[in-house]
file final-v3.pdb (PDB, C-alpha atoms and all ligand atoms)
ATOM      1  CA  MET M   1     -32.663   9.035 -36.017
ATOM      2  CA  ILE M   2     -31.314   7.217 -32.980
ATOM      3  CA  PHE M   3     -29.885   8.935 -29.901
ATOM      4  CA  GLU M   4     -27.284   6.664 -28.270
ATOM      5  CA  THR M   5     -27.136   7.677 -24.606
ATOM      6  CA  HIS M   6     -24.299   5.511 -23.276
ATOM      7  CA  ALA M   7     -21.139   4.355 -25.053
ATOM      8  CA  HIS M   8     -17.424   4.121 -24.261
ATOM      9  CA  TYR M   9     -15.627   4.855 -27.538
ATOM     10  CA  ASP M  10     -12.533   5.822 -25.553
ATOM     11  CA  ASP M  11     -12.190   2.103 -24.690
ATOM     12  CA  GLU M  12      -9.162   0.292 -26.118
ATOM     13  CA  ALA M  13     -11.564  -2.119 -27.828
ATOM     14  CA  PHE M  14     -11.971   0.638 -30.443
ATOM     15  CA  ASP M  15      -8.286   1.525 -30.846
ATOM     16  CA  GLU M  16      -7.998  -0.224 -34.232
ATOM     17  CA  ASP M  17     -10.965   1.339 -36.009
ATOM     18  CA  ARG M  18     -12.448   4.106 -33.844
ATOM     19  CA  GLU M  19     -12.331   6.780 -36.508
ATOM     20  CA  LYS M  20     -13.640   4.579 -39.311
ATOM     21  CA  LEU M  21     -16.478   3.301 -37.143
ATOM     22  CA  LEU M  22     -17.568   6.701 -35.813
ATOM     23  CA  GLU M  23     -17.592   8.130 -39.321
ATOM     24  CA  THR M  24     -20.209   5.563 -40.404
ATOM     25  CA  MET M  25     -22.667   6.400 -37.615
ATOM     26  CA  HIS M  26     -24.626   9.121 -39.329
ATOM     27  CA  ALA M  27     -25.145   7.147 -42.541
ATOM     28  CA  HIS M  28     -26.613   4.324 -40.446
ATOM     29  CA  GLY M  29     -29.122   6.435 -38.557
ATOM     30  CA  ILE M  30     -27.198   7.175 -35.351
ATOM     31  CA  GLU M  31     -27.602  10.901 -34.859
ATOM     32  CA  LYS M  32     -26.052  11.709 -31.477
ATOM     33  CA  ILE M  33     -23.896   9.799 -29.012
ATOM     34  CA  ILE M  34     -23.097  10.422 -25.364
ATOM     35  CA  ASN M  35     -19.628   9.086 -24.616
ATOM     36  CA  VAL M  36     -19.506   8.271 -20.927
ATOM     37  CA  GLY M  37     -16.378   8.620 -18.817
ATOM     38  CA  ALA M  38     -15.608   5.874 -16.305
ATOM     39  CA  SER M  39     -12.064   6.680 -15.140
ATOM     40  CA  LEU M  40     -10.134   9.942 -14.981
ATOM     41  CA  GLN M  41      -8.255   9.060 -18.172
ATOM     42  CA  GLY M  42     -11.565   8.011 -19.723
ATOM     43  CA  VAL M  43     -12.973  11.437 -18.899
ATOM     44  CA  ARG M  44     -10.015  13.166 -20.576
ATOM     45  CA  ASP M  45     -10.415  10.950 -23.642
ATOM     46  CA  THR M  46     -14.161  11.657 -23.643
ATOM     47  CA  VAL M  47     -13.536  15.406 -23.714
ATOM     48  CA  ALA M  48     -11.155  14.879 -26.654
ATOM     49  CA  LEU M  49     -13.799  12.860 -28.550
ATOM     50  CA  THR M  50     -16.368  15.633 -28.073
ATOM     51  CA  GLU M  51     -13.887  18.069 -29.595
ATOM     52  CA  LYS M  52     -13.219  15.863 -32.597
ATOM     53  CA  TYR M  53     -16.738  14.732 -33.533
ATOM     54  CA  PRO M  54     -19.661  17.171 -33.769
ATOM     55  CA  PHE M  55     -22.219  14.447 -32.915
ATOM     56  CA  VAL M  56     -20.372  13.142 -29.836
ATOM     57  CA  TYR M  57     -21.298  14.638 -26.457
ATOM     58  CA  GLY M  58     -19.706  13.742 -23.158
ATOM     59  CA  ALA M  59     -20.442  12.699 -19.589
ATOM     60  CA  VAL M  60     -17.745  13.196 -16.984
ATOM     61  CA  GLY M  61     -17.655  10.972 -13.926
ATOM     62  CA  ILE M  62     -15.858   8.147 -12.173
ATOM     63  CA  HIS M  63     -17.321   4.619 -12.168
ATOM     64  CA  PRO M  64     -17.599   2.948  -8.721
ATOM     65  CA  ASP M  65     -14.936   0.380  -9.702
ATOM     66  CA  GLU M  66     -12.455   3.226 -10.203
ATOM     67  CA  VAL M  67     -12.961   5.412  -7.133
ATOM     68  CA  GLY M  68     -10.261   3.841  -4.922
ATOM     69  CA  ASN M  69      -7.601   6.495  -5.449
ATOM     70  CA  LEU M  70      -9.772   9.530  -6.131
ATOM     71  CA  THR M  71      -8.883  12.879  -4.571
ATOM     72  CA  GLU M  72     -10.465  16.305  -4.279
ATOM     73  CA  GLU M  73      -7.926  17.446  -6.895
ATOM     74  CA  ASP M  74      -9.553  14.990  -9.298
ATOM     75  CA  MET M  75     -12.968  16.476  -8.487
ATOM     76  CA  LYS M  76     -11.566  19.878  -9.404
ATOM     77  CA  GLU M  77     -10.463  18.477 -12.724
ATOM     78  CA  LEU M  78     -13.934  16.991 -13.359
ATOM     79  CA  ARG M  79     -15.505  20.295 -12.401
ATOM     80  CA  SER M  80     -13.286  22.121 -14.890
ATOM     81  CA  TYR M  81     -14.850  20.195 -17.791
ATOM     82  CA  CYS M  82     -18.463  20.777 -16.752
ATOM     83  CA  ASP M  83     -18.855  24.227 -18.276
ATOM     84  CA  ARG M  84     -17.944  23.010 -21.738
ATOM     85  CA  GLU M  85     -20.831  23.205 -24.121
ATOM     86  CA  LYS M  86     -20.643  19.533 -25.108
ATOM     87  CA  ILE M  87     -20.435  18.100 -21.609
ATOM     88  CA  ALA M  88     -24.012  16.991 -20.996
ATOM     89  CA  ALA M  89     -23.952  14.933 -17.776
ATOM     90  CA  ILE M  90     -22.113  13.707 -14.695
ATOM     91  CA  GLY M  91     -21.463   9.982 -15.081
ATOM     92  CA  GLU M  92     -21.150   7.280 -14.809
ATOM     93  CA  ILE M  93     -21.413   7.323 -11.028
ATOM     94  CA  GLY M  94     -22.972   4.954  -8.523
ATOM     95  CA  LEU M  95     -22.469   1.633  -6.756
ATOM     96  CA  ASP M  96     -21.237  -1.727  -8.012
ATOM     97  CA  TYR M  97     -21.468  -4.600  -5.526
ATOM     98  CA  TYR M  98     -21.179  -7.196  -8.298
ATOM     99  CA  TRP M  99     -17.516  -6.640  -9.137
ATOM    100  CA  ASP M 100     -17.156  -5.184  -5.661
ATOM    101  CA  LYS M 101     -13.741  -3.711  -6.382
ATOM    102  CA  GLU M 102     -13.903  -0.973  -3.781
ATOM    103  CA  ASN M 103     -15.129  -0.830  -0.213
ATOM    104  CA  HIS M 104     -18.836   0.062  -0.071
ATOM    105  CA  GLU M 105     -18.309   3.111   2.133
ATOM    106  CA  ILE M 106     -15.772   4.501  -0.341
ATOM    107  CA  GLN M 107     -18.134   3.844  -3.238
ATOM    108  CA  LYS M 108     -20.938   5.649  -1.390
ATOM    109  CA  LYS M 109     -18.723   8.587  -0.495
ATOM    110  CA  TRP M 110     -17.759   9.284  -4.108
ATOM    111  CA  PHE M 111     -21.270   8.649  -5.404
ATOM    112  CA  VAL M 112     -22.525  11.373  -3.073
ATOM    113  CA  ARG M 113     -19.574  13.652  -3.853
ATOM    114  CA  GLN M 114     -20.236  13.392  -7.597
ATOM    115  CA  MET M 115     -23.952  13.983  -7.081
ATOM    116  CA  ASP M 116     -22.868  17.213  -5.380
ATOM    117  CA  LEU M 117     -21.068  18.113  -8.588
ATOM    118  CA  ALA M 118     -24.341  17.621 -10.469
ATOM    119  CA  LYS M 119     -26.164  19.836  -7.988
ATOM    120  CA  GLU M 120     -23.500  22.489  -8.374
ATOM    121  CA  THR M 121     -23.475  22.452 -12.173
ATOM    122  CA  GLY M 122     -27.118  21.637 -12.917
ATOM    123  CA  LEU M 123     -26.084  18.675 -15.084
ATOM    124  CA  PRO M 124     -28.099  15.428 -15.051
ATOM    125  CA  ILE M 125     -26.550  12.231 -13.652
ATOM    126  CA  ILE M 126     -25.921   8.869 -15.311
ATOM    127  CA  VAL M 127     -26.215   6.267 -12.562
ATOM    128  CA  HIS M 128     -24.476   2.906 -12.640
ATOM    129  CA  SER M 129     -25.980   0.483 -10.113
ATOM    130  CA  ARG M 130     -25.303  -3.227 -10.075
ATOM    131  CA  ASP M 131     -26.375  -5.613  -7.291
ATOM    132  CA  ALA M 132     -26.864  -2.542  -5.117
ATOM    133  CA  ALA M 133     -30.581  -1.829  -5.529
ATOM    134  CA  LYS M 134     -31.403  -0.847  -1.968
ATOM    135  CA  ASP M 135     -28.319   1.240  -1.193
ATOM    136  CA  THR M 136     -28.609   3.138  -4.474
ATOM    137  CA  LEU M 137     -32.226   4.091  -3.891
ATOM    138  CA  ASP M 138     -31.607   4.907  -0.211
ATOM    139  CA  ILE M 139     -28.697   7.196  -1.022
ATOM    140  CA  MET M 140     -30.515   8.922  -3.853
ATOM    141  CA  LYS M 141     -33.497   9.582  -1.608
ATOM    142  CA  ALA M 142     -31.321  10.812   1.261
ATOM    143  CA  GLU M 143     -29.422  13.103  -1.112
ATOM    144  CA  ARG M 144     -32.661  14.461  -2.583
ATOM    145  CA  ALA M 145     -31.733  13.198  -6.025
ATOM    146  CA  ASP M 146     -35.337  13.900  -7.015
ATOM    147  CA  HIS M 147     -34.118  17.485  -7.322
ATOM    148  CA  LEU M 148     -31.652  16.315  -9.958
ATOM    149  CA  ARG M 149     -32.433  14.773 -13.314
ATOM    150  CA  GLY M 150     -30.902  11.632 -14.742
ATOM    151  CA  VAL M 151     -30.983   8.075 -15.983
ATOM    152  CA  ILE M 152     -30.524   4.709 -14.323
ATOM    153  CA  HIS M 153     -28.163   3.230 -16.873
ATOM    154  CA  CYS M 154     -28.458  -0.441 -17.900
ATOM    155  CA  TYR M 155     -31.530  -0.773 -15.723
ATOM    156  CA  SER M 156     -31.531  -4.230 -14.094
ATOM    157  CA  TYR M 157     -33.887  -4.058 -11.114
ATOM    158  CA  SER M 158     -37.579  -4.709 -10.466
ATOM    159  CA  LYS M 159     -40.731  -3.000 -11.725
ATOM    160  CA  GLU M 160     -41.306  -1.621  -8.224
ATOM    161  CA  HIS M 161     -37.915   0.065  -8.191
ATOM    162  CA  ALA M 162     -38.521   1.329 -11.712
ATOM    163  CA  ARG M 163     -41.689   3.004 -10.432
ATOM    164  CA  GLU M 164     -39.737   4.663  -7.618
ATOM    165  CA  TYR M 165     -37.165   6.043 -10.049
ATOM    166  CA  MET M 166     -39.786   7.262 -12.495
ATOM    167  CA  ASN M 167     -41.590   8.976  -9.627
ATOM    168  CA  MET M 168     -38.330  10.793  -8.905
ATOM    169  CA  GLY M 169     -38.277  11.887 -12.559
ATOM    170  CA  TYR M 170     -35.594   9.466 -13.714
ATOM    171  CA  TYR M 171     -35.306   7.688 -17.045
ATOM    172  CA  LEU M 172     -34.408   4.005 -17.461
ATOM    173  CA  GLY M 173     -31.561   3.096 -19.823
ATOM    174  CA  VAL M 174     -32.317   0.029 -21.956
ATOM    175  CA  GLY M 175     -29.697  -1.805 -24.005
ATOM    176  CA  GLY M 176     -28.694  -5.211 -25.337
ATOM    177  CA  VAL M 177     -29.894  -7.168 -22.299
ATOM    178  CA  VAL M 178     -33.507  -6.653 -23.435
ATOM    179  CA  THR M 179     -32.777  -8.907 -26.436
ATOM    180  CA  PHE M 180     -31.323 -11.751 -24.318
ATOM    181  CA  LYS M 181     -33.303 -14.943 -23.699
ATOM    182  CA  ASN M 182     -32.620 -14.526 -19.971
ATOM    183  CA  GLY M 183     -33.577 -10.836 -20.043
ATOM    184  CA  LYS M 184     -37.099 -11.575 -18.787
ATOM    185  CA  ARG M 185     -37.072  -9.145 -15.880
ATOM    186  CA  LEU M 186     -35.969  -6.256 -18.083
ATOM    187  CA  LYS M 187     -38.589  -7.173 -20.688
ATOM    188  CA  GLU M 188     -41.234  -6.893 -17.945
ATOM    189  CA  VAL M 189     -39.921  -3.478 -16.934
ATOM    190  CA  VAL M 190     -39.988  -2.315 -20.568
ATOM    191  CA  GLU M 191     -43.564  -3.534 -20.906
ATOM    192  CA  TYR M 192     -44.521  -1.716 -17.713
ATOM    193  CA  ALA M 193     -42.711   1.616 -18.082
ATOM    194  CA  PRO M 194     -44.155   4.289 -20.397
ATOM    195  CA  LEU M 195     -42.007   4.860 -23.487
ATOM    196  CA  ASP M 196     -41.593   8.443 -22.269
ATOM    197  CA  TYR M 197     -39.263   7.115 -19.555
ATOM    198  CA  LEU M 198     -36.967   4.966 -21.694
ATOM    199  CA  LEU M 199     -33.615   5.777 -23.293
ATOM    200  CA  LEU M 200     -31.650   3.711 -25.828
ATOM    201  CA  GLU M 201     -28.085   2.844 -24.862
ATOM    202  CA  THR M 202     -25.428   0.270 -25.710
ATOM    203  CA  ASP M 203     -22.721   0.480 -23.027
ATOM    204  CA  ALA M 204     -20.419  -0.315 -25.983
ATOM    205  CA  PRO M 205     -18.042  -2.151 -26.139
ATOM    206  CA  TYR M 206     -20.025  -4.270 -23.667
ATOM    207  CA  LEU M 207     -23.443  -5.983 -23.747
ATOM    208  CA  ALA M 208     -23.976  -6.440 -27.482
ATOM    209  CA  PRO M 209     -27.584  -7.416 -28.295
ATOM    210  CA  GLU M 210     -28.638 -10.626 -30.033
ATOM    211  CA  PRO M 211     -27.541 -11.713 -32.626
ATOM    212  CA  TYR M 212     -24.155 -10.256 -31.630
ATOM    213  CA  ARG M 213     -24.184 -11.286 -27.977
ATOM    214  CA  GLY M 214     -20.623 -11.769 -26.699
ATOM    215  CA  LYS M 215     -19.070  -9.723 -29.528
ATOM    216  CA  ARG M 216     -17.881  -6.127 -29.360
ATOM    217  CA  ASN M 217     -20.885  -3.833 -29.132
ATOM    218  CA  CYS M 218     -21.339  -0.534 -30.978
ATOM    219  CA  SER M 219     -24.108   2.006 -31.489
ATOM    220  CA  LEU M 220     -25.046   0.547 -34.895
ATOM    221  CA  TYR M 221     -26.630  -2.413 -33.073
ATOM    222  CA  LEU M 222     -29.166  -0.184 -31.315
ATOM    223  CA  THR M 223     -31.592  -1.031 -34.108
ATOM    224  CA  TYR M 224     -31.933  -4.516 -32.541
ATOM    225  CA  VAL M 225     -32.672  -2.983 -29.153
ATOM    226  CA  ALA M 226     -35.267  -0.594 -30.603
ATOM    227  CA  GLN M 227     -36.909  -3.432 -32.554
ATOM    228  CA  THR M 228     -37.204  -5.533 -29.404
ATOM    229  CA  ILE M 229     -38.718  -2.644 -27.441
ATOM    230  CA  ALA M 230     -41.178  -2.012 -30.306
ATOM    231  CA  ARG M 231     -42.234  -5.668 -30.231
ATOM    232  CA  ILE M 232     -42.680  -5.716 -26.447
ATOM    233  CA  LYS M 233     -44.720  -2.516 -26.405
ATOM    234  CA  GLY M 234     -46.634  -3.216 -29.617
ATOM    235  CA  VAL M 235     -45.717   0.092 -31.231
ATOM    236  CA  PRO M 236     -43.940   0.874 -34.521
ATOM    237  CA  TYR M 237     -40.120   0.857 -34.557
ATOM    238  CA  GLU M 238     -40.109   4.514 -35.600
ATOM    239  CA  THR M 239     -42.143   5.458 -32.526
ATOM    240  CA  VAL M 240     -39.501   3.883 -30.266
ATOM    241  CA  VAL M 241     -36.659   5.657 -32.064
ATOM    242  CA  GLU M 242     -38.358   9.055 -32.117
ATOM    243  CA  THR M 243     -39.709   8.975 -28.569
ATOM    244  CA  THR M 244     -36.435   7.848 -27.009
ATOM    245  CA  ARG M 245     -34.584  10.481 -29.037
ATOM    246  CA  LYS M 246     -36.879  13.206 -27.720
ATOM    247  CA  ASN M 247     -36.484  11.863 -24.172
ATOM    248  CA  ALA M 248     -32.690  12.051 -24.486
ATOM    249  CA  GLU M 249     -32.742  15.528 -25.997
ATOM    250  CA  LYS M 250     -34.913  16.724 -23.144
ATOM    251  CA  LEU M 251     -32.783  15.129 -20.426
ATOM    252  CA  PHE M 252     -29.375  16.148 -21.798
ATOM    253  CA  LYS M 253     -30.609  19.458 -23.258
ATOM    254  CA  ILE M 254     -29.078  18.801 -26.668
TER
HETATM  255 NI    NI L   1     -21.003   2.233 -19.018
END

call {"tool": "encode", "arguments": {"input": "final-v3.pdb", "output": "structure tokens"}}
result
Amino acid sequence: MIFETHAHYDDEAFDEDREKLLETMHAHGIEKIINVGASLQGVRDTVALTEKYPFVYGAVGIHPDEVGNLTEEDMKELRSYCDREKIAAIGEIGLDYYWDKENHEIQKKWFVRQMDLAKETGLPIIVHSRDAAKDTLDIMKAERADHLRGVIHCYSYSKEHAREYMNMGYYLGVGGVVTFKNGKRLKEVVEYAPLDYLLLETDAPYLAPEPYRGKRNCSLYLTYVAQTIARIKGVPYETVVETTRKNAEKLFKI
């Protein structure tokens, strides 16, 4: 069964049918889901989802687009959720120079601060990095992130960077983009990286794979992602599903 490592079911895109949709997951082969917090309210909603659904686990963290008004009080609140049994990671945290909503120094400050939270709690990190390849790697090296565990979510950089992250012990999150016609660079990374370093993820409601590109994404569509990875690597579909599931269970300890 599939382990979905990155979804946002707290998003308002699911307000109409969240419960109905989540209840169908198991019957369709989705075994476990990590719901990833992006804002403080998103983190609170994530914790609530983990309480409601036995197969939903949570990551607590603030996305770089949302760090503008963060305070140390907020960090205390994040910290307070970390000891819960179903909180499996700190994330998503990182740098986003594509939307570029917050000053780079502020983004860096809270990326480092939230990595500290991971060091303190022993939880792995879920890293969001967009158009910020060099700064992300530089900061992670400077902060000795090789002593942490984690995943580079929605991996979008080069093979060379992928090698650097794998050398640090990090996994690469692969989602809908791998099915896109213009997803050539990611296809090359998937071909290059051992299956033991890949995780399946949607980033739902965003980044739906073909043939649903542009529509609302959900974990049920991970079958298309797994099929594409199987084709690229020339291995059976089941091997992709089982190996990525084991990778996720190992990383998140669930
Ligand atoms: Ni996300």

call {"tool": "atom_distance", "arguments": {"input": "final-v3.pdb", "atom1": "atom CA of Ala27 of chain M", "atom2": "atom CA of Ile229 of chain M"}}
result
22.5 Å

call {"tool": "resolve_selection", "arguments": {"input": "final-v3.pdb", "expression": "the PyMOL selection byres (((chain M and resi 178) around 10) and not hetatm)", "output": "PyMOL selection string"}}
result
chain M and resi 154-156+174-177+179-190+209-210+224-226+228-229+232

call {"tool": "write_last_selection", "arguments": {"input": "final-v3.pdb", "atoms": "C-alpha atoms", "output": "tab-separated table (two decimals), in the frame of the given file"}}
result
chain	number	residue	atom	x	y	z
M	154	CYS	CA	-28.46	-0.44	-17.90
M	155	TYR	CA	-31.53	-0.77	-15.72
M	156	SER	CA	-31.53	-4.23	-14.09
M	174	VAL	CA	-32.32	0.03	-21.96
M	175	GLY	CA	-29.70	-1.80	-24.00
M	176	GLY	CA	-28.69	-5.21	-25.34
M	177	VAL	CA	-29.89	-7.17	-22.30
M	179	THR	CA	-32.78	-8.91	-26.44
M	180	PHE	CA	-31.32	-11.75	-24.32
M	181	LYS	CA	-33.30	-14.94	-23.70
M	182	ASN	CA	-32.62	-14.53	-19.97
M	183	GLY	CA	-33.58	-10.84	-20.04
M	184	LYS	CA	-37.10	-11.58	-18.79
M	185	ARG	CA	-37.07	-9.14	-15.88
M	186	LEU	CA	-35.97	-6.26	-18.08
M	187	LYS	CA	-38.59	-7.17	-20.69
M	188	GLU	CA	-41.23	-6.89	-17.94
M	189	VAL	CA	-39.92	-3.48	-16.93
M	190	VAL	CA	-39.99	-2.32	-20.57
M	209	PRO	CA	-27.58	-7.42	-28.30
M	210	GLU	CA	-28.64	-10.63	-30.03
M	224	TYR	CA	-31.93	-4.52	-32.54
M	225	VAL	CA	-32.67	-2.98	-29.15
M	226	ALA	CA	-35.27	-0.59	-30.60
M	228	THR	CA	-37.20	-5.53	-29.40
M	229	ILE	CA	-38.72	-2.64	-27.44
M	232	ILE	CA	-42.68	-5.72	-26.45

call {"tool": "residues_near_ligand", "arguments": {"input": "final-v3.pdb", "ligand": "ligand NI 1 (chain L)", "cutoff": "10 Å", "atoms": "all atoms listed in the file", "output": "PyMOL selection string"}}
result
chain M and resi 5-8+35-38+63+91-93+126-128+153-154+201-207

call {"tool": "residues_around", "arguments": {"input": "final-v3.pdb", "residues": "Leu220 of chain M", "least_positions_apart": "5", "cutoff": "10 Å", "atoms": "all atoms listed in the file", "output": "list of chain:residue names"}}
result
M:Ile2, M:Glu4, M:Leu21, M:Leu22, M:Thr24, M:Met25, M:His26, M:His28, M:Gly29, M:Ile30, M:Thr202

call {"tool": "write_last_selection", "arguments": {"input": "final-v3.pdb", "atoms": "C-alpha atoms", "output": "PDB file, in the frame of the given file"}}
result
ATOM      1  CA  ILE M   2     -31.314   7.217 -32.980  1.00  0.00           C
ATOM      2  CA  GLU M   4     -27.284   6.664 -28.270  1.00  0.00           C
ATOM      3  CA  LEU M  21     -16.478   3.301 -37.143  1.00  0.00           C
ATOM      4  CA  LEU M  22     -17.568   6.701 -35.813  1.00  0.00           C
ATOM      5  CA  THR M  24     -20.209   5.563 -40.404  1.00  0.00           C
ATOM      6  CA  MET M  25     -22.667   6.400 -37.615  1.00  0.00           C
ATOM      7  CA  HIS M  26     -24.626   9.121 -39.329  1.00  0.00           C
ATOM      8  CA  HIS M  28     -26.613   4.324 -40.446  1.00  0.00           C
ATOM      9  CA  GLY M  29     -29.122   6.435 -38.557  1.00  0.00           C
ATOM     10  CA  ILE M  30     -27.198   7.175 -35.351  1.00  0.00           C
ATOM     11  CA  THR M 202     -25.428   0.270 -25.710  1.00  0.00           C
TER      12      THR M 202
END

call {"tool": "residues_around", "arguments": {"input": "final-v3.pdb", "residues": "Asp96 of chain M", "least_positions_apart": "3", "cutoff": "10 Å", "atoms": "all atoms listed in the file", "output": "PyMOL selection string"}}
result
chain M and resi 63-65+93+99-104+107-108+128-133+136

call {"tool": "decode", "arguments": {"input": "final-v3.pdb", "residues": "segment 139-177 of chain M", "atoms": "C-alpha atoms", "output": "CSV table (one decimal), in the first residue's frame"}}
result
chain,number,residue,atom,x,y,z
M,139,ILE,CA,22.5,26.7,5.1
M,140,MET,CA,21.9,23.0,5.6
M,141,LYS,CA,25.6,22.3,5.4
M,142,ALA,CA,26.4,25.2,7.8
M,143,GLU,CA,23.8,24.0,10.2
M,144,ARG,CA,25.1,20.4,10.1
M,145,ALA,CA,21.8,19.2,8.7
M,146,ASP,CA,23.6,15.9,7.9
M,147,HIS,CA,23.1,15.2,11.6
M,148,LEU,CA,19.3,15.4,11.0
M,149,ARG,CA,17.2,13.2,8.8
M,150,GLY,CA,14.7,14.4,6.3
M,151,VAL,CA,13.3,14.9,2.8
M,152,ILE,CA,13.7,17.5,0.1
M,153,HIS,CA,10.0,17.9,-0.7
M,154,CYS,CA,8.9,18.4,-4.4
M,155,TYR,CA,12.5,18.0,-5.5
M,156,SER,CA,13.2,20.3,-8.4
M,157,TYR,CA,16.9,20.8,-8.7
M,158,SER,CA,19.8,19.1,-10.5
M,159,LYS,CA,21.3,15.6,-10.3
M,160,GLU,CA,24.4,17.0,-8.7
M,161,HIS,CA,22.4,18.6,-5.9
M,162,ALA,CA,20.4,15.4,-5.5
M,163,ARG,CA,23.7,13.6,-5.0
M,164,GLU,CA,24.7,16.1,-2.3
M,165,TYR,CA,21.4,15.6,-0.5
M,166,MET,CA,21.6,11.8,-0.7
M,167,ASN,CA,25.1,12.0,0.7
M,168,MET,CA,23.8,13.9,3.6
M,169,GLY,CA,21.2,11.1,4.1
M,170,TYR,CA,18.2,12.9,2.7
M,171,TYR,CA,15.3,11.5,0.7
M,172,LEU,CA,13.9,13.2,-2.4
M,173,GLY,CA,10.1,13.8,-2.6
M,174,VAL,CA,8.6,13.0,-6.0
M,175,GLY,CA,5.1,14.0,-7.0
M,176,GLY,CA,3.0,15.0,-10.0
M,177,VAL,CA,5.7,17.0,-11.7
